[in-house]
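Here is coords.cif, consisting of mmCIF, C-alpha atoms:
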```cif
data_query
loop_
_atom_site.label_atom_id
_atom_site.label_comp_id
_atom_site.auth_asym_id
_atom_site.auth_seq_id
_atom_site.Cartn_x
_atom_site.Cartn_y
_atom_site.Cartn_z
CA MET A 1 113.17 77.77 113.99
CA PHE A 2 110.32 79.70 112.37
CA ARG A 3 110.23 77.14 109.56
CA TRP A 4 110.25 74.22 112.02
CA LEU A 5 107.33 75.65 113.91
CA VAL A 6 105.22 76.31 110.81
CA TRP A 7 106.05 72.85 109.50
CA ARG A 8 105.18 71.27 112.86
CA ASP A 9 101.76 72.92 112.95
CA ILE A 10 101.02 71.96 109.37
CA ILE A 11 101.87 68.30 110.04
CA LEU A 12 99.78 68.35 113.21
CA ALA A 13 96.85 69.83 111.30
CA TRP A 14 97.26 67.17 108.60
CA ARG A 15 97.18 64.41 111.22
CA ARG A 16 94.00 65.95 112.65
CA ARG A 17 92.51 66.98 109.33
CA ALA A 18 88.95 66.23 110.47
CA ASP A 19 89.09 69.43 112.55
CA VAL A 20 90.21 71.50 109.58
CA LEU A 21 87.65 69.94 107.25
CA ALA A 22 84.88 70.62 109.77
CA THR A 23 85.66 74.34 109.62
CA LEU A 24 85.69 74.32 105.82
CA PHE A 25 82.40 72.44 105.58
CA PHE A 26 80.85 74.80 108.10
CA PHE A 27 81.77 77.68 105.79
CA ILE A 28 80.44 75.89 102.70
CA ILE A 29 77.15 74.96 104.35
CA VAL A 30 76.47 78.36 105.90
CA VAL A 31 77.08 80.12 102.58
CA SER A 32 75.00 77.59 100.64
CA LEU A 33 72.01 77.81 102.96
CA PHE A 34 71.17 81.35 101.84
CA PRO A 35 70.57 80.71 98.12
CA LEU A 36 68.60 77.59 99.08
CA GLY A 37 66.51 79.46 101.61
CA ILE A 38 65.86 82.58 99.54
CA GLY A 39 65.21 80.86 96.25
CA PRO A 40 66.03 81.94 92.69
CA GLU A 41 65.97 85.70 93.03
CA PRO A 42 69.21 86.77 91.36
CA GLN A 43 68.98 90.44 92.24
CA LEU A 44 68.48 89.83 95.96
CA LEU A 45 71.18 87.13 96.06
CA ARG A 46 73.70 89.42 94.38
CA THR A 47 72.92 92.07 96.98
CA ILE A 48 73.36 89.86 100.01
CA ALA A 49 76.32 87.80 98.69
CA PRO A 50 79.13 90.03 100.03
CA GLY A 51 77.71 90.09 103.53
CA VAL A 52 76.89 86.39 103.62
CA VAL A 53 80.31 85.26 102.44
CA TRP A 54 82.13 87.52 104.87
CA VAL A 55 79.97 86.70 107.88
CA ALA A 56 80.45 83.00 107.18
CA ALA A 57 84.21 83.56 106.89
CA LEU A 58 84.26 85.35 110.26
CA LEU A 59 82.36 82.56 111.99
CA ALA A 60 84.46 79.83 110.39
CA SER A 61 87.71 81.51 111.34
CA MET A 62 86.42 81.89 114.90
CA LEU A 63 85.68 78.17 115.08
CA ALA A 64 89.33 77.46 114.38
CA LEU A 65 90.62 79.70 117.17
CA GLY A 66 90.25 77.14 119.94
CA ARG A 67 92.84 74.94 118.24
CA LEU A 68 95.41 77.69 117.83
CA PHE A 69 96.92 77.34 121.31
CA GLY A 70 94.50 74.95 123.04
CA ASN A 71 96.12 71.64 122.12
CA ASP A 72 99.64 72.89 122.80
CA TYR A 73 98.51 74.27 126.13
CA GLN A 74 97.03 70.95 127.23
CA ASP A 75 100.06 68.78 126.53
CA GLY A 76 102.60 71.29 127.83
CA THR A 77 104.31 71.94 124.50
CA LEU A 78 103.19 75.57 124.62
CA GLU A 79 105.34 76.10 127.71
CA GLN A 80 108.26 74.56 125.87
CA LEU A 81 107.68 76.92 122.95
CA MET A 82 107.67 79.85 125.34
CA LEU A 83 111.07 78.81 126.66
CA THR A 84 112.91 78.82 123.34
CA ARG A 85 115.63 81.20 122.30
CA GLN A 86 113.25 82.92 119.89
CA PRO A 87 111.11 85.84 121.07
CA LEU A 88 107.54 84.80 121.77
CA TYR A 89 106.48 87.24 119.03
CA VAL A 90 108.12 84.97 116.45
CA VAL A 91 106.50 81.86 117.93
CA VAL A 92 103.07 83.49 117.75
CA LEU A 93 103.64 84.71 114.20
CA ALA A 94 104.68 81.21 113.09
CA LYS A 95 101.66 79.59 114.71
CA VAL A 96 99.24 82.13 113.25
CA LEU A 97 100.79 81.75 109.80
CA ALA A 98 100.42 77.96 109.97
CA GLN A 99 96.84 78.34 111.17
CA TRP A 100 96.05 80.68 108.30
CA LEU A 101 97.63 78.39 105.70
CA VAL A 102 95.74 75.40 107.03
CA SER A 103 92.33 76.81 107.97
CA GLU A 104 91.82 79.96 105.91
CA ILE A 105 93.44 79.27 102.56
CA PRO A 106 91.02 76.41 101.72
CA LEU A 107 88.22 78.80 102.62
CA VAL A 108 89.56 81.50 100.30
CA LEU A 109 89.91 78.96 97.49
CA MET A 110 86.38 77.68 98.04
CA ALA A 111 84.74 81.11 98.14
CA PRO A 112 84.65 81.78 94.35
CA VAL A 113 82.95 78.44 93.76
CA LEU A 114 80.34 79.30 96.35
CA GLY A 115 80.00 82.77 94.88
CA LEU A 116 78.66 81.18 91.68
CA GLN A 117 75.52 80.21 93.60
CA PHE A 118 74.83 83.91 94.09
CA GLY A 119 75.17 84.70 90.39
CA LEU A 120 78.22 86.94 90.86
CA SER A 121 80.19 88.03 87.81
CA GLN A 122 83.76 86.88 87.19
CA ASN A 123 85.12 90.27 88.08
CA THR A 124 83.25 90.25 91.40
CA LEU A 125 84.50 86.75 92.20
CA ALA A 126 88.07 87.90 91.66
CA VAL A 127 87.59 90.88 93.97
CA MET A 128 85.98 88.61 96.55
CA THR A 129 89.00 86.30 96.51
CA VAL A 130 91.43 89.18 96.86
CA SER A 131 89.44 90.72 99.71
CA LEU A 132 89.38 87.37 101.55
CA LEU A 133 93.08 86.88 100.87
CA LEU A 134 93.82 90.24 102.52
CA GLY A 135 91.17 90.00 105.24
CA THR A 136 91.47 86.45 106.58
CA PRO A 137 95.03 86.87 107.93
CA VAL A 138 93.74 89.90 109.84
CA LEU A 139 91.02 87.66 111.31
CA SER A 140 93.59 85.04 112.36
CA LEU A 141 95.85 87.66 113.90
CA ILE A 142 93.13 89.45 115.85
CA GLY A 143 91.65 86.10 116.84
CA SER A 144 94.97 84.95 118.24
CA ILE A 145 94.74 87.67 120.90
CA GLY A 146 91.35 86.37 122.01
CA ALA A 147 92.53 82.77 121.88
CA ALA A 148 95.52 83.59 124.07
CA LEU A 149 93.46 85.56 126.58
CA THR A 150 90.87 82.80 127.06
CA LEU A 151 93.39 79.95 127.16
CA GLY A 152 92.52 77.34 129.76
CA LEU A 153 89.24 78.97 130.74
CA ARG A 154 85.96 77.12 130.85
CA ALA A 155 83.46 78.34 128.27
CA ALA A 156 86.44 79.72 126.36
CA ASN A 157 84.60 79.35 123.04
CA VAL A 158 81.76 81.67 123.99
CA LEU A 159 84.15 84.14 125.56
CA VAL A 160 86.34 84.20 122.43
CA ALA A 161 83.27 85.02 120.34
CA LEU A 162 82.35 87.91 122.61
CA LEU A 163 85.90 89.25 122.65
CA VAL A 164 86.81 88.80 119.03
CA LEU A 165 83.67 89.33 116.94
CA PRO A 166 83.39 93.07 117.73
CA LEU A 167 87.02 93.46 116.68
CA TYR A 168 86.25 91.69 113.39
CA ILE A 169 83.69 94.34 112.43
CA PRO A 170 86.07 96.68 110.51
CA VAL A 171 87.31 93.73 108.45
CA LEU A 172 83.71 92.75 107.74
CA ILE A 173 82.75 96.26 106.65
CA PHE A 174 85.68 96.79 104.29
CA GLY A 175 85.78 93.19 103.04
CA ALA A 176 82.09 93.13 102.19
CA GLY A 177 82.36 96.74 100.99
CA ALA A 178 84.93 95.79 98.36
CA ILE A 179 82.66 93.12 96.91
CA GLU A 180 79.61 95.34 97.08
CA ALA A 181 81.44 98.09 95.22
CA THR A 182 82.16 95.71 92.34
CA VAL A 183 78.57 94.47 92.31
CA ASN A 184 77.43 98.09 92.02
CA GLY A 185 79.96 98.78 89.31
CA THR A 186 82.31 101.08 91.24
CA GLU A 187 86.01 100.64 92.00
CA PRO A 188 86.91 98.40 95.00
CA GLN A 189 90.52 99.65 95.28
CA SER A 190 90.03 101.90 98.28
CA TYR A 191 88.44 99.09 100.31
CA LEU A 192 91.21 96.67 99.39
CA LEU A 193 93.87 99.21 100.28
CA LEU A 194 92.27 99.69 103.69
CA LEU A 195 92.22 95.92 104.20
CA GLY A 196 95.90 95.86 103.29
CA ALA A 197 96.60 98.60 105.80
CA MET A 198 94.80 96.63 108.49
CA LEU A 199 96.87 93.58 107.60
CA VAL A 200 100.12 95.50 108.00
CA LEU A 201 98.97 96.96 111.29
CA THR A 202 97.86 93.63 112.77
CA VAL A 203 101.01 91.81 111.61
CA VAL A 204 103.02 94.33 113.57
CA PHE A 205 100.92 94.67 116.71
CA ALA A 206 98.72 91.58 117.17
CA PRO A 207 101.50 88.99 117.80
CA TRP A 208 102.92 91.31 120.40
CA ALA A 209 99.58 91.53 122.23
CA THR A 210 99.08 87.77 121.85
CA ALA A 211 102.52 87.09 123.35
CA ALA A 212 101.67 89.25 126.37
CA ALA A 213 98.32 87.50 126.79
CA LEU A 214 99.99 84.08 126.55
CA ARG A 215 102.43 84.93 129.32
CA ILE A 216 99.52 85.88 131.57
CA SER A 217 97.48 82.79 130.69
CA VAL A 218 100.32 80.33 131.21
CA GLU A 219 101.35 81.80 134.52
CA MET B 29 122.62 81.12 138.43
CA GLU B 30 121.70 83.03 141.50
CA ALA B 31 118.39 83.64 143.27
CA VAL B 32 118.05 86.62 145.56
CA ASN B 33 115.28 86.90 148.12
CA LEU B 34 112.74 84.94 146.08
CA GLY B 35 109.19 84.91 147.32
CA CYS B 36 106.10 83.24 145.92
CA VAL B 37 102.44 83.84 146.69
CA ARG B 38 99.69 81.57 145.41
CA GLY B 39 96.23 83.02 145.91
CA SER B 40 96.22 84.28 149.46
CA ARG B 41 98.90 81.85 150.64
CA ARG B 42 102.55 82.74 150.98
CA LEU B 43 104.45 79.66 149.83
CA PHE B 44 107.97 80.82 150.55
CA THR B 45 109.78 84.07 151.08
CA GLY B 46 113.36 85.28 151.33
CA LEU B 47 114.75 82.30 149.44
CA ASN B 48 118.41 82.68 148.44
CA PHE B 49 120.50 80.15 146.59
CA THR B 50 123.13 79.83 143.88
CA VAL B 51 123.73 77.10 141.35
CA SER B 52 127.24 76.75 139.92
CA PRO B 53 128.48 74.46 137.15
CA GLY B 54 128.48 70.84 138.30
CA GLU B 55 125.96 71.47 141.04
CA LEU B 56 122.62 69.84 141.63
CA ILE B 57 119.92 71.34 143.82
CA GLU B 58 117.33 68.97 145.18
CA ILE B 59 114.07 70.68 146.08
CA ARG B 60 112.26 68.79 148.81
CA GLY B 61 109.04 69.41 150.60
CA PRO B 62 105.54 68.05 151.12
CA ASN B 63 102.82 68.38 148.48
CA GLY B 64 101.71 71.96 148.04
CA SER B 65 104.85 73.44 149.53
CA GLY B 66 105.75 75.25 146.30
CA LYS B 67 108.32 72.97 144.65
CA SER B 68 106.72 73.26 141.22
CA SER B 69 106.08 76.97 141.70
CA LEU B 70 109.75 77.49 142.50
CA LEU B 71 110.80 75.67 139.33
CA ARG B 72 108.32 77.64 137.24
CA ILE B 73 109.72 80.85 138.67
CA VAL B 74 113.29 79.77 137.97
CA CYS B 75 112.49 78.89 134.35
CA GLY B 76 110.70 82.18 133.84
CA LEU B 77 107.17 80.90 133.19
CA ALA B 78 106.00 82.52 136.43
CA THR B 79 107.13 85.79 137.94
CA PRO B 80 108.18 85.83 141.58
CA ALA B 81 106.12 87.92 144.02
CA GLU B 82 109.40 89.34 145.30
CA GLY B 83 113.11 89.01 144.63
CA GLU B 84 114.89 88.30 141.38
CA LEU B 85 116.94 85.75 139.49
CA ARG B 86 120.32 86.42 137.97
CA TRP B 87 122.19 84.52 135.30
CA ASN B 88 125.91 85.37 135.21
CA GLY B 89 125.08 88.44 137.26
CA LYS B 90 122.41 89.77 134.89
CA LYS B 91 118.70 89.75 135.65
CA THR B 92 116.92 86.89 133.87
CA ALA B 93 113.83 89.06 133.45
CA THR B 94 115.78 91.31 131.08
CA LEU B 95 117.88 88.55 129.47
CA ARG B 96 114.78 86.55 128.61
CA GLU B 97 115.49 84.62 125.36
CA GLU B 98 119.22 84.64 126.07
CA TYR B 99 118.46 82.92 129.38
CA PHE B 100 115.84 80.59 127.87
CA ALA B 101 118.48 79.30 125.45
CA GLU B 102 120.52 78.04 128.41
CA LEU B 103 117.77 76.17 130.21
CA ALA B 104 115.49 73.21 129.70
CA TYR B 105 112.37 72.66 131.77
CA LEU B 106 110.25 69.57 132.15
CA GLY B 107 107.08 69.91 134.18
CA HIS B 108 104.25 67.52 134.97
CA GLN B 109 102.86 67.53 131.47
CA SER B 110 104.14 65.13 128.85
CA CYS B 111 105.41 67.82 126.43
CA VAL B 112 104.95 65.28 123.66
CA LYS B 113 102.66 65.59 120.66
CA ASP B 114 100.33 62.59 120.42
CA GLU B 115 99.90 62.87 116.66
CA LEU B 116 103.62 62.69 115.89
CA THR B 117 105.85 59.64 116.07
CA ALA B 118 108.62 59.46 118.66
CA ALA B 119 111.27 60.34 116.07
CA GLU B 120 109.22 63.26 114.67
CA ASN B 121 108.61 64.61 118.16
CA LEU B 122 112.32 64.56 118.85
CA ARG B 123 113.39 66.10 115.53
CA ILE B 124 110.83 68.87 115.78
CA ALA B 125 111.71 69.61 119.41
CA GLY B 126 115.35 69.84 118.35
CA GLY B 127 114.56 72.10 115.41
CA VAL B 128 112.35 74.40 117.44
CA SER B 129 114.92 74.70 120.21
CA GLY B 130 117.56 75.69 117.65
CA HIS B 131 119.55 72.44 117.55
CA PRO B 132 118.32 70.55 114.47
CA LEU B 133 119.08 66.84 114.60
CA ASN B 134 119.99 64.60 111.68
CA ASP B 135 118.72 61.01 111.40
CA ALA B 136 121.75 59.50 113.13
CA GLU B 137 121.53 61.88 116.09
CA THR B 138 117.80 61.28 116.44
CA HIS B 139 118.37 57.54 116.42
CA GLY B 140 121.24 57.89 118.89
CA LEU B 141 119.16 59.87 121.38
CA LEU B 142 116.22 57.50 121.12
CA THR B 143 118.55 54.54 121.70
CA GLN B 144 119.99 56.32 124.71
CA VAL B 145 116.57 56.55 126.34
CA GLY B 146 115.59 53.05 125.22
CA LEU B 147 112.97 53.92 122.61
CA GLU B 148 114.78 52.77 119.45
CA ASN B 149 112.09 50.17 118.70
CA GLN B 150 109.25 52.64 119.22
CA ARG B 151 110.67 55.39 117.05
CA HIS B 152 108.04 55.09 114.33
CA LEU B 153 105.10 54.68 116.69
CA PRO B 154 102.83 57.66 117.22
CA ALA B 155 103.36 59.04 120.70
CA ARG B 156 99.68 58.36 121.38
CA SER B 157 100.44 54.65 121.69
CA LEU B 158 103.38 55.08 124.06
CA SER B 159 102.95 54.37 127.77
CA ALA B 160 103.31 57.10 130.40
CA GLY B 161 106.85 55.99 131.21
CA GLN B 162 107.82 55.87 127.55
CA ARG B 163 106.50 59.39 127.02
CA ARG B 164 108.62 60.48 129.94
CA ARG B 165 111.66 58.88 128.28
CA LEU B 166 110.82 60.65 125.02
CA ALA B 167 110.56 63.94 126.91
CA MET B 168 114.01 63.21 128.38
CA ALA B 169 115.40 62.67 124.88
CA GLN B 170 113.97 66.07 123.87
CA PHE B 171 115.62 67.46 126.95
CA LEU B 172 119.00 66.12 125.85
CA ALA B 173 118.46 67.50 122.34
CA SER B 174 118.13 71.04 123.69
CA LYS B 175 121.79 70.94 124.90
CA ALA B 176 120.86 73.22 127.81
CA LYS B 177 123.25 74.06 130.64
CA LEU B 178 120.60 74.39 133.32
CA TRP B 179 118.16 71.50 133.76
CA LEU B 180 114.94 72.13 135.64
CA LEU B 181 113.08 68.93 136.37
CA ASP B 182 109.81 68.52 138.17
CA GLU B 183 109.30 65.02 139.60
CA ILE B 184 111.30 63.26 136.91
CA LEU B 185 111.00 59.84 138.51
CA THR B 186 107.20 59.56 138.37
CA SER B 187 105.87 56.76 136.15
CA LEU B 188 109.38 55.54 135.31
CA ASP B 189 110.33 51.88 135.86
CA ASP B 190 113.53 50.83 137.67
CA ALA B 191 115.56 51.02 134.47
CA GLY B 192 114.08 54.45 133.77
CA VAL B 193 115.02 55.68 137.22
CA ARG B 194 118.58 54.37 136.75
CA LEU B 195 118.70 56.02 133.33
CA SER B 196 117.63 59.43 134.65
CA ARG B 197 120.23 59.17 137.43
CA GLN B 198 122.88 58.31 134.90
CA LEU B 199 121.85 61.19 132.61
CA LEU B 200 121.90 63.63 135.52
CA THR B 201 125.31 62.38 136.64
CA GLU B 202 126.71 62.78 133.14
CA HIS B 203 125.18 66.23 132.84
CA LEU B 204 126.78 67.36 136.12
CA SER B 205 130.16 65.88 135.25
CA ARG B 206 130.09 67.89 132.00
CA GLY B 207 129.73 71.00 134.14
CA GLY B 208 125.97 71.30 133.77
CA MET B 209 123.62 72.57 136.44
CA ALA B 210 120.36 71.09 137.60
CA MET B 211 117.46 71.78 139.90
CA VAL B 212 115.21 68.84 140.61
CA ALA B 213 112.00 68.71 142.61
CA THR B 214 111.75 65.21 144.00
CA HIS B 215 110.47 62.97 146.77
CA GLN B 216 113.04 60.24 146.24
CA ASP B 217 116.79 60.29 146.64
CA LEU B 218 118.51 60.89 143.34
CA ASN B 219 121.87 59.36 144.38
CA VAL B 220 123.88 61.07 141.68
CA THR B 221 127.51 60.06 141.83
CA SER B 222 129.18 63.22 140.59
CA GLY B 223 128.89 66.91 141.29
CA ALA B 224 127.93 68.69 144.48
CA VAL B 225 124.41 68.24 145.79
CA LYS B 226 122.63 71.00 147.68
CA ARG B 227 119.19 70.76 149.11
CA ILE B 228 116.32 73.23 149.47
CA GLU B 229 113.70 72.19 152.01
CA LEU B 230 110.33 73.87 151.58
CA ALA B 231 107.82 73.69 154.40
CA THR B 232 104.12 74.33 154.28
#
```

Mind turning the file's structure into structure tokens?
Amino acid sequence: MFRWLVWRDIILAWRRRADVLATLFFFIIVVSLFPLGIGPEPQLLRTIAPGVVWVAALLASMLALGRLFGNDYQDGTLEQLMLTRQPLYVVVLAKVLAQWLVSEIPLVLMAPVLGLQFGLSQNTLAVMTVSLLLGTPVLSLIGSIGAALTLGLRAANVLVALLVLPLYIPVLIFGAGAIEATVNGTEPQSYLLLLGAMLVLTVVFAPWATAAALRISVE
Amino acid sequence: MEAVNLGCVRGSRRLFTGLNFTVSPGELIEIRGPNGSGKSSLLRIVCGLATPAEGELRWNGKKTATLREEYFAELAYLGHQSCVKDELTAAENLRIAGGVSGHPLNDAETHGLLTQVGLENQRHLPARSLSAGQRRRLAMAQFLASKAKLWLLDEILTSLDDAGVRLSRQLLTEHLSRGGMAMVATHQDLNVTSGAVKRIELAT
């Protein structure tokens, strides 16, 4: 059933790929605006690159949150998913995994290309990719709690931002920290390990919180 | 299935209270009542999407609130919404609904179910281009695919044509004669020809 659900969401995303592409292009444009605006100052660009890439990743992943449960809620399929023989935890995990594969993976793959605009070294680009690979699933998982809580509300998008962005801060600090450490020539391992720990923690607890929030929202 | 002392409150209004009923294999319960009397709320409580303000539901003597997924596996619920994905074709909708509910369908079964509800010629059309009645038929096919024992239907006859109404009666009759159970909120007579019919009248 887990496989069916992931497959379903991937097909649905493919049929509505404009939505997914919009998120990706948002990320690309936001990141590209900085080098264009600041001009050719390699030292400054290298300094701000970690923060810029991560902030753009946060905003892009937040844009995708409305789709996580919103469409299923509107056509009633979410209720059907809540009435299956699988625990809601599993349903949530499958949906978040599909969302991450569809919306975040393209972003992670695009990031090194964008990093070139900031004059980052190869080593830094590799660390940036790894940090995004570890950090973006945390964003999706934490975001799913906010998406479930604001389901069916008016102005849900603004509310999600207010709820979720503060919770994204630790990911931002350690994600950007890992890249910064490499730029400054120190070891990024400790930051990456912390990101990994956050990932483990959110995989265990976030779907559970999301499931509880969904039950409240649907009722 | 047994309901003990069910009560439901919506906002500040008490919709019903002290509701007791049982559903046994082969039985159909018709839920009647004017608009806003709590028919849909009752069905949502029975399927577990809403929690009752008071009372409890039991399945084979055990509380449904603790059984949860075990209970969900036995029931199928169809509310007012279409429960159909617009982006998928009729056949894809059905296969995915089957897979998600734990009863994967092969091509022949999918085709068989779609023929049963009269959508065999629309099977490769995206659900977006189906009419309201055809979506309802597709939702009924998904319903059949779930192989549930307890059917919970909210206003099944809306937007169905005469043939659709006959079809849903026939499906319900077959379900009851197989020993299935059903609760249906409706304004029209269902006229099923097998099984025992009970009636719950809700007043405002």

Exercise for review: Enumerate, as a VMD selection string, the residues matched when the PyMOL selection byres ((chain B and resi 128) around 10) is run on the file above.
Suggested key: (chain A and resid 1 to 6 8 80 to 81 84 to 86 91) or (chain B and resid 122 to 127 129 to 132 174)

Export of prior selection with C-alpha atoms as a compact mmCIF listing (two decimals), keeping the file's coordinate frame:
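part.txt, written as the output of this step:
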```
# COMPACT_ATOMS: atom_id res chain seq x y z
CA MET A 1 113.17 77.77 113.99
CA PHE A 2 110.32 79.70 112.37
CA ARG A 3 110.23 77.14 109.56
CA TRP A 4 110.25 74.22 112.02
CA LEU A 5 107.33 75.65 113.91
CA VAL A 6 105.22 76.31 110.81
CA ARG A 8 105.18 71.27 112.86
CA GLN A 80 108.26 74.56 125.87
CA LEU A 81 107.68 76.92 122.95
CA THR A 84 112.91 78.82 123.34
CA ARG A 85 115.63 81.20 122.30
CA GLN A 86 113.25 82.92 119.89
CA VAL A 91 106.50 81.86 117.93
CA LEU B 122 112.32 64.56 118.85
CA ARG B 123 113.39 66.10 115.53
CA ILE B 124 110.83 68.87 115.78
CA ALA B 125 111.71 69.61 119.41
CA GLY B 126 115.35 69.84 118.35
CA GLY B 127 114.56 72.10 115.41
CA SER B 129 114.92 74.70 120.21
CA GLY B 130 117.56 75.69 117.65
CA HIS B 131 119.55 72.44 117.55
CA PRO B 132 118.32 70.55 114.47
CA SER B 174 118.13 71.04 123.69
```

Residue members of the PyMOL selection byres ((chain B) within 12 of (chain A)) in the file shown, as a short mmCIF file (atom, residue, chain, number, x, y, z; two decimals) with C-alpha atoms, in the coordinates of the input:
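Output below, filename result_18.cif:
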```cif
data_model
loop_
_atom_site.label_atom_id
_atom_site.label_comp_id
_atom_site.auth_asym_id
_atom_site.auth_seq_id
_atom_site.Cartn_x
_atom_site.Cartn_y
_atom_site.Cartn_z
CA ARG B 38 99.69 81.57 145.41
CA SER B 69 106.08 76.97 141.70
CA ARG B 72 108.32 77.64 137.24
CA ILE B 73 109.72 80.85 138.67
CA VAL B 74 113.29 79.77 137.97
CA CYS B 75 112.49 78.89 134.35
CA GLY B 76 110.70 82.18 133.84
CA LEU B 77 107.17 80.90 133.19
CA ALA B 78 106.00 82.52 136.43
CA THR B 79 107.13 85.79 137.94
CA PRO B 80 108.18 85.83 141.58
CA LEU B 95 117.88 88.55 129.47
CA ARG B 96 114.78 86.55 128.61
CA GLU B 97 115.49 84.62 125.36
CA GLU B 98 119.22 84.64 126.07
CA TYR B 99 118.46 82.92 129.38
CA PHE B 100 115.84 80.59 127.87
CA ALA B 101 118.48 79.30 125.45
CA GLU B 102 120.52 78.04 128.41
CA LEU B 103 117.77 76.17 130.21
CA ALA B 104 115.49 73.21 129.70
CA TYR B 105 112.37 72.66 131.77
CA LEU B 106 110.25 69.57 132.15
CA GLY B 107 107.08 69.91 134.18
CA HIS B 108 104.25 67.52 134.97
CA GLN B 109 102.86 67.53 131.47
CA SER B 110 104.14 65.13 128.85
CA CYS B 111 105.41 67.82 126.43
CA VAL B 112 104.95 65.28 123.66
CA LYS B 113 102.66 65.59 120.66
CA ASP B 114 100.33 62.59 120.42
CA GLU B 115 99.90 62.87 116.66
CA LEU B 116 103.62 62.69 115.89
CA THR B 117 105.85 59.64 116.07
CA GLU B 120 109.22 63.26 114.67
CA ASN B 121 108.61 64.61 118.16
CA LEU B 122 112.32 64.56 118.85
CA ARG B 123 113.39 66.10 115.53
CA ILE B 124 110.83 68.87 115.78
CA ALA B 125 111.71 69.61 119.41
CA GLY B 126 115.35 69.84 118.35
CA GLY B 127 114.56 72.10 115.41
CA VAL B 128 112.35 74.40 117.44
CA SER B 129 114.92 74.70 120.21
CA GLY B 130 117.56 75.69 117.65
CA HIS B 131 119.55 72.44 117.55
CA PRO B 132 118.32 70.55 114.47
CA LEU B 133 119.08 66.84 114.60
CA PRO B 154 102.83 57.66 117.22
CA ALA B 155 103.36 59.04 120.70
CA ARG B 156 99.68 58.36 121.38
CA ARG B 163 106.50 59.39 127.02
CA ALA B 167 110.56 63.94 126.91
CA GLN B 170 113.97 66.07 123.87
CA PHE B 171 115.62 67.46 126.95
CA SER B 174 118.13 71.04 123.69
CA LYS B 175 121.79 70.94 124.90
CA ALA B 176 120.86 73.22 127.81
CA LEU B 180 114.94 72.13 135.64
#
```

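Interatomic distance, atom CA of Val203 of chain A against atom CA of Thr136 of chain A: 12.0 Å.
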
Exercise for review: Find the distance between atom CA of Leu93 of chain A and atom CA of Gln189 of chain A and write it in Å to one decimal.
Suggested key: 27.4 Å

Point to revise | the PyMOL selection byres ((chain A and resi 23) around 9) resolved against shown file, as a VMD selection string | key: chain A and resid 18 to 22 24 to 28 60 to 61 63 to 64 103 107

Using C-alpha atoms, can you export the residues from the last selection as a PDB file, in the frame of the given file?
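Listed below is the output, out_25.pdb:
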```pdb
ATOM      1  CA  ALA A  18      88.950  66.230 110.470  1.00  0.00           C
ATOM      2  CA  ASP A  19      89.090  69.430 112.550  1.00  0.00           C
ATOM      3  CA  VAL A  20      90.210  71.500 109.580  1.00  0.00           C
ATOM      4  CA  LEU A  21      87.650  69.940 107.250  1.00  0.00           C
ATOM      5  CA  ALA A  22      84.880  70.620 109.770  1.00  0.00           C
ATOM      6  CA  LEU A  24      85.690  74.320 105.820  1.00  0.00           C
ATOM      7  CA  PHE A  25      82.400  72.440 105.580  1.00  0.00           C
ATOM      8  CA  PHE A  26      80.850  74.800 108.100  1.00  0.00           C
ATOM      9  CA  PHE A  27      81.770  77.680 105.790  1.00  0.00           C
ATOM     10  CA  ILE A  28      80.440  75.890 102.700  1.00  0.00           C
ATOM     11  CA  ALA A  60      84.460  79.830 110.390  1.00  0.00           C
ATOM     12  CA  SER A  61      87.710  81.510 111.340  1.00  0.00           C
ATOM     13  CA  LEU A  63      85.680  78.170 115.080  1.00  0.00           C
ATOM     14  CA  ALA A  64      89.330  77.460 114.380  1.00  0.00           C
ATOM     15  CA  SER A 103      92.330  76.810 107.970  1.00  0.00           C
ATOM     16  CA  LEU A 107      88.220  78.800 102.620  1.00  0.00           C
TER      17      LEU A 107
END
```

Practice item. Find the residues around Leu188 of chain B up to 12 Å (all atoms listed in the file counted), leave out those fewer than 5 positions away in its own chain, and share them as a list in words. Key: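 The contact residues come out as Val145, Ser159, Ala160, Gly161, Gln162, Arg163, Arg164, Arg165, Leu166, Ala167, Met168, Glu183, Val193, Arg194, Leu195, Ser196 and Arg197 of chain B.
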
Review point. Which residues, written as a PyMOL selection string, have at least one atom at most 9 Å from segment 153-165 of chain A, with only C-alpha atoms counted and residues fewer than 3 positions away on the same chain left out?
Key: chain A and resi 58-59+62-63+65-66+139+142-143+145-147+149-150+168-169

Store the residues picked out above, limited to C-alpha atoms, as a PDB file, in the coordinates of the input.
```
ATOM      1  CA  LEU A  58      84.260  85.350 110.260  1.00  0.00           C
ATOM      2  CA  LEU A  59      82.360  82.560 111.990  1.00  0.00           C
ATOM      3  CA  MET A  62      86.420  81.890 114.900  1.00  0.00           C
ATOM      4  CA  LEU A  63      85.680  78.170 115.080  1.00  0.00           C
ATOM      5  CA  LEU A  65      90.620  79.700 117.170  1.00  0.00           C
ATOM      6  CA  GLY A  66      90.250  77.140 119.940  1.00  0.00           C
ATOM      7  CA  LEU A 139      91.020  87.660 111.310  1.00  0.00           C
ATOM      8  CA  ILE A 142      93.130  89.450 115.850  1.00  0.00           C
ATOM      9  CA  GLY A 143      91.650  86.100 116.840  1.00  0.00           C
ATOM     10  CA  ILE A 145      94.740  87.670 120.900  1.00  0.00           C
ATOM     11  CA  GLY A 146      91.350  86.370 122.010  1.00  0.00           C
ATOM     12  CA  ALA A 147      92.530  82.770 121.880  1.00  0.00           C
ATOM     13  CA  LEU A 149      93.460  85.560 126.580  1.00  0.00           C
ATOM     14  CA  THR A 150      90.870  82.800 127.060  1.00  0.00           C
ATOM     15  CA  TYR A 168      86.250  91.690 113.390  1.00  0.00           C
ATOM     16  CA  ILE A 169      83.690  94.340 112.430  1.00  0.00           C
TER      17      ILE A 169
END
```
